[in-house]
$ cat my_file_15.txt   # compact mmCIF, C-alpha atoms
# COMPACT_ATOMS: atom_id res chain seq x y z
CA MET A 259 0.00 0.00 0.00
CA PHE A 260 0.98 3.61 -0.57
CA ILE A 261 0.15 6.12 2.20
CA GLY A 262 1.16 9.74 1.92
CA ALA A 263 0.29 13.41 2.11
CA GLN A 264 0.94 16.59 0.20
CA VAL A 265 1.22 19.46 2.70
CA SER A 266 1.30 23.21 2.00
CA LEU A 267 1.82 25.79 4.76
CA TYR A 268 0.68 29.43 4.54
CA PRO A 269 1.74 31.87 7.30
CA MET A 270 -0.05 35.22 6.95
CA THR A 271 2.97 37.39 7.71
CA SER A 272 5.70 39.22 5.82
CA ASP A 273 8.14 37.03 7.76
CA PHE A 274 6.65 33.90 6.19
CA VAL A 275 10.01 32.40 5.15
CA GLN A 276 11.28 32.30 8.73
CA VAL A 277 7.96 30.91 10.01
CA ILE A 278 7.92 28.15 7.38
CA MET A 279 11.57 27.22 7.92
CA SER A 280 11.02 27.12 11.68
CA GLY A 281 7.97 24.93 11.23
CA LEU A 282 9.86 22.51 9.00
CA THR A 283 12.32 21.78 11.82
CA ALA A 284 9.47 19.89 13.50
CA LEU A 285 9.85 17.24 10.78
CA ASP A 286 13.45 16.41 11.75
CA PRO A 287 12.54 13.60 14.23
CA TYR A 288 10.50 11.87 11.52
CA ARG A 289 13.01 11.83 8.68
CA ASP A 290 14.16 8.27 9.44
CA ASP A 291 10.56 7.00 9.31
CA LEU A 292 9.15 9.02 6.43
CA ARG A 293 10.17 9.93 2.92
CA ILE A 294 10.00 13.74 2.95
CA GLU A 295 10.43 15.82 -0.20
CA THR A 296 9.90 19.60 -0.22
CA ASP A 297 9.63 21.89 -3.23
CA ASP A 298 8.26 25.38 -3.82
CA MET A 299 4.63 24.19 -3.78
CA SER A 300 4.35 21.59 -1.03
CA THR A 301 6.00 18.91 1.07
CA LEU A 302 5.39 15.26 0.24
CA MET A 303 5.46 12.83 3.17
CA VAL A 304 5.22 9.08 2.59
CA GLY A 305 5.13 6.40 5.28
CA ALA A 306 3.12 4.67 7.97
CA PRO A 307 0.19 6.73 9.30
CA GLY A 308 1.56 6.85 12.86
CA PRO A 309 4.59 9.03 12.14
CA LEU A 310 2.86 10.60 9.13
CA ILE A 311 0.00 12.21 11.07
CA ASP A 312 2.32 13.01 13.99
CA ALA A 313 4.65 14.85 11.64
CA ILE A 314 1.82 16.88 10.09
CA ARG A 315 0.49 17.71 13.56
CA ASP A 316 3.89 18.81 14.83
CA LEU A 317 4.56 20.86 11.70
CA PHE A 318 1.37 22.84 12.19
CA ALA A 319 1.57 23.07 15.98
CA THR A 320 5.11 24.45 15.74
CA THR A 321 4.02 26.97 13.13
CA ALA A 322 0.95 27.95 15.17
CA ARG A 323 3.10 28.89 18.15
CA ASN A 324 4.05 31.95 16.12
CA PRO A 325 1.31 34.56 16.74
CA ALA A 326 0.67 35.13 13.04
CA HIS A 327 -2.42 33.66 11.44
CA SER A 328 -1.38 30.47 9.65
CA THR A 329 -3.22 27.95 7.52
CA MET A 330 -2.19 24.57 6.13
CA HIS A 331 -3.70 22.51 3.33
CA VAL A 332 -3.24 18.73 3.35
CA THR A 333 -4.26 16.02 0.92
CA LEU A 334 -4.01 12.59 2.55
CA SER A 335 -4.25 9.39 0.53
CA ARG A 336 -4.04 5.68 1.22
CA GLY A 337 -4.38 2.78 -1.17
CA CYS A 338 -4.17 4.78 -4.39
CA PRO A 339 -4.12 2.20 -7.22
CA GLY A 340 -1.91 4.49 -9.30
CA GLU A 341 0.97 4.46 -6.79
CA PRO A 342 3.46 1.64 -6.13
CA ASP A 343 3.38 -0.25 -2.84
CA ASP A 344 5.82 1.13 -0.28
CA PRO A 345 7.08 -1.15 2.55
CA ASN A 346 7.36 1.85 4.89
CA CYS A 347 3.58 2.36 4.68
CA ARG A 348 2.63 -0.75 6.66
CA CYS A 349 -0.37 -0.15 8.94
CA ASP A 350 -1.68 -2.77 11.39
CA ILE A 351 -4.84 -0.79 12.18
CA LEU A 352 -6.04 -1.16 8.59
CA ALA A 353 -5.66 -4.94 8.66
CA VAL A 354 -7.66 -5.16 11.91
CA ALA A 355 -10.33 -2.70 10.77
CA GLN A 356 -11.13 -4.73 7.66
CA ASN A 357 -13.05 -7.33 9.70
CA THR A 358 -14.32 -5.09 12.51
CA PRO A 359 -17.98 -3.96 12.59
CA LEU A 360 -18.60 -0.24 12.13
CA ASP A 361 -19.83 0.37 15.68
CA GLN A 362 -16.70 -1.21 17.15
CA ARG A 363 -14.49 0.90 14.89
CA GLN A 364 -16.30 4.00 16.12
CA GLN A 365 -15.65 3.06 19.76
CA GLN A 366 -11.98 2.31 19.06
CA ALA A 367 -11.61 5.67 17.34
CA LEU A 368 -13.22 7.50 20.27
CA ALA A 369 -10.87 5.77 22.72
CA ALA A 370 -7.84 6.82 20.67
CA VAL A 371 -8.94 10.47 20.64
CA ALA A 372 -9.58 10.40 24.40
CA ASP A 373 -6.01 9.16 24.96
CA ALA A 374 -4.35 11.70 22.64
CA PRO A 375 -1.75 13.93 24.34
CA GLU A 376 -2.35 17.67 24.25
CA THR A 377 0.10 20.12 22.69
CA GLY A 378 -1.09 23.38 24.23
CA VAL A 379 -1.88 24.74 20.75
CA ARG A 380 -5.50 25.46 19.81
CA ILE A 381 -6.45 24.97 16.17
CA ASP A 382 -9.38 24.61 13.80
CA ILE A 383 -9.60 22.22 10.90
CA GLN A 384 -12.20 21.36 8.32
CA PHE A 385 -11.98 18.23 6.22
CA SER A 386 -13.80 15.90 3.87
CA LEU A 387 -13.44 12.12 3.75
CA TYR A 388 -13.63 10.41 0.36
CA VAL A 389 -14.14 6.64 0.23
CA LEU A 390 -13.41 5.71 -3.37
CA GLY A 391 -14.34 2.66 -5.41
CA GLN A 392 -16.88 1.17 -2.98
CA ASP A 393 -20.61 0.74 -3.64
CA ARG A 394 -21.68 1.39 -0.02
CA HIS A 395 -19.29 4.27 0.60
CA MET A 396 -21.94 6.43 2.28
CA ASP A 397 -22.33 3.89 5.10
CA GLU A 398 -18.67 4.44 5.95
CA ILE A 399 -18.94 8.23 5.62
CA TYR A 400 -22.06 8.40 7.83
CA GLY A 401 -20.32 6.15 10.34
CA CYS A 402 -17.35 8.50 10.36
CA ILE A 403 -19.62 11.52 10.86
CA ASP A 404 -21.24 9.84 13.88
CA PHE A 405 -17.76 9.28 15.33
CA LEU A 406 -16.80 12.90 14.69
CA LYS A 407 -19.88 14.24 16.45
CA ASN A 408 -18.93 12.29 19.59
CA SER A 409 -15.17 12.90 19.41
CA GLY A 410 -15.02 15.94 21.68
CA THR A 411 -13.39 17.91 18.86
CA PHE A 412 -16.50 18.39 16.70
CA LEU A 413 -17.50 22.00 16.06
CA LYS A 414 -20.09 21.81 13.29
CA SER A 415 -21.08 20.29 9.99
CA LYS A 416 -20.71 22.38 6.85
CA ASN A 417 -21.57 21.81 3.23
CA PHE A 418 -19.18 19.15 1.90
CA CYS A 419 -17.05 19.01 5.10
CA THR A 420 -16.87 18.78 8.89
CA ARG A 421 -15.24 21.33 11.14
CA LEU A 422 -13.24 20.43 14.27
CA ARG A 423 -11.78 22.67 16.98
CA GLY A 424 -9.54 22.10 19.97
CA ASP A 425 -6.02 21.24 21.01
CA ALA A 426 -3.89 20.06 18.08
CA GLY A 427 -3.27 16.70 19.76
CA PRO A 428 -6.88 15.43 19.94
CA VAL A 429 -7.85 17.23 16.73
CA PHE A 430 -5.16 15.49 14.65
CA GLU A 431 -5.91 12.19 16.39
CA THR A 432 -9.53 12.61 15.28
CA LEU A 433 -8.25 13.13 11.75
CA ARG A 434 -6.03 10.04 11.97
CA GLN A 435 -8.89 7.85 13.17
CA ALA A 436 -11.18 9.11 10.41
CA PHE A 437 -8.47 8.30 7.87
CA LEU A 438 -7.74 4.79 9.14
CA ARG A 439 -10.93 3.30 10.53
CA PHE A 440 -13.46 4.25 7.87
CA GLY A 441 -13.46 2.95 4.33
CA PRO A 442 -12.12 -0.41 3.12
CA ALA A 443 -8.71 -1.40 4.47
CA GLU A 444 -7.38 -2.20 1.01
CA GLY A 445 -9.36 0.49 -0.80
CA HIS A 446 -8.52 4.00 -1.88
CA VAL A 447 -9.42 6.59 0.80
CA THR A 448 -8.49 10.26 0.74
CA ILE A 449 -8.96 13.28 3.00
CA ASP A 450 -8.91 16.91 1.94
CA MET A 451 -8.12 19.09 4.98
CA THR A 452 -7.49 22.73 5.81
CA ALA A 453 -6.14 23.80 9.21
CA SER A 454 -6.15 27.30 10.72
CA ALA A 455 -4.60 28.87 13.83
CA ASN A 456 -4.56 32.38 15.27
CA SER A 457 -7.23 33.64 12.90
CA PRO A 458 -8.28 37.24 13.61
CA SER A 459 -11.79 36.44 12.39
CA GLN A 460 -12.47 33.09 14.08
CA ALA A 461 -16.16 32.19 13.84
$ encode --input "my_file_15.txt" --output "structure tokens"
Amino acid sequence: MFIGAQVSLYPMTSDFVQVIMSGLTALDPYRDDLRIETDDMSTLMVGAPGPLIDAIRDLFATTARNPAHSTMHVTLSRGCPGEPDDPNCRCDILAVAQNTPLDQRQQQALAAVADAPETGVRIDIQFSLYVLGQDRHMDEIYGCIDFLKNSGTFLKSKNFCTRLRGDAGPVFETLRQAFLRFGPAEGHVTIDMTASANSPSQA
């Protein structure tokens, strides 16, 4: 399987270069576990979803400690049939989830969010889950929405997406659980996500 993310960071400050470069230092502990490639548009991260989501969380939390308003756009993908298998992308949760009923997956996801460590950084995200190539994909999406509403990070539903708010630790754990526990284990699942911190116009 291939699991990865394209990540773009947008600090709203004239000192954006320094803020981005400072944020990228948060990826240093993950460079042995992930393939990380940065260009002028985005940073590609490929690897198992444990270090992958942790790295994205730490990148944004580090950036958000700067008082400037910052946003980040992330496209997450697992199981894309157009990408080669990568041995670094092994994920035991997916293998277990394949044969686990939806209600049990929801409870496991809630337990993981409850146990997530806090970072001391408050953020907002909105995201959409796409379960591709499955006839009953809406069952998985509705099951994910039920989990989100009980996660403790749920803010509100919006057209085409769900909005979360809270500490970056539980919020990104909610994202991880949505990514891993809903949709077929061997299927193609993607998430489109935008994060925001320090917004002067927070709703």
$ closest_residue --input "my_file_15.txt" --among "A:Gly281, A:Gly391, A:Pro375, A:Gly305" --to "Pro339 (chain A)" --atoms "all atoms listed in the file"
A:Gly391
$ residues_around --input "my_file_15.txt" --residues "Gly401 (chain A)" --least-positions-apart "5" --cutoff "8 Å" --atoms "all atoms listed in the file" --output "VMD selection string"
chain A and resid 360 to 361 364 440
$ closest_residue --input "my_file_15.txt" --among "A:Tyr288, A:Phe430, A:Phe318, A:Phe437" --to "Ser335 (chain A)" --atoms "all atoms listed in the file"
A:Phe437
$ residues_around --input "my_file_15.txt" --residues "Ile383 (chain A)" --least-positions-apart "6" --cutoff "8 Å" --atoms "only C-alpha atoms" --output "JSON, numbers by chain"
{"A": [421, 422, 423, 429, 451, 452, 453, 454]}
$ residues_around --input "my_file_15.txt" --residues "Lys407 (chain A)" --least-positions-apart "4" --cutoff "12 Å" --atoms "only C-alpha atoms" --output "PyMOL selection string"
chain A and resi 364+367-368+400-403+411-415+420-423+432+436
$ closest_residue --input "my_file_15.txt" --among "A:Phe405, A:Thr448, A:Asp343, A:Val265" --to "Asp297 (chain A)" --atoms "only C-alpha atoms"
A:Val265
$ residues_around --input "my_file_15.txt" --residues "Asn456 (chain A)" --least-positions-apart "4" --cutoff "12 Å" --atoms "all atoms listed in the file" --output "MDAnalysis selection string"
chainID A and resid 269:271 318:319 321:329 379:382 460:461
$ atom_distance --input "my_file_15.txt" --atom1 "CA of Gly410 (chain A)" --atom2 "CA of Ala374 (chain A)"
11.5 Å
$ atom_distance --input "my_file_15.txt" --atom1 "CA of Pro428 (chain A)" --atom2 "CA of Leu390 (chain A)"
26.1 Å
$ closest_residue --input "my_file_15.txt" --among "A:Leu292, A:Ala372, A:Leu302, A:Ala443" --to "Asp425 (chain A)" --atoms "all atoms listed in the file"
A:Ala372
$ atom_distance --input "my_file_15.txt" --atom1 "CA of Val275 (chain A)" --atom2 "CA of Thr333 (chain A)"
22.1 Å
$ closest_residue --input "my_file_15.txt" --among "A:Gln435, A:Pro345, A:Asp273, A:Met330" --to "Thr301 (chain A)" --atoms "all atoms listed in the file"
A:Met330
$ closest_residue --input "my_file_15.txt" --among "A:Asp404, A:Asp312, A:Asp397, A:Glu295" --to "Ser266 (chain A)" --atoms "only C-alpha atoms"
A:Glu295
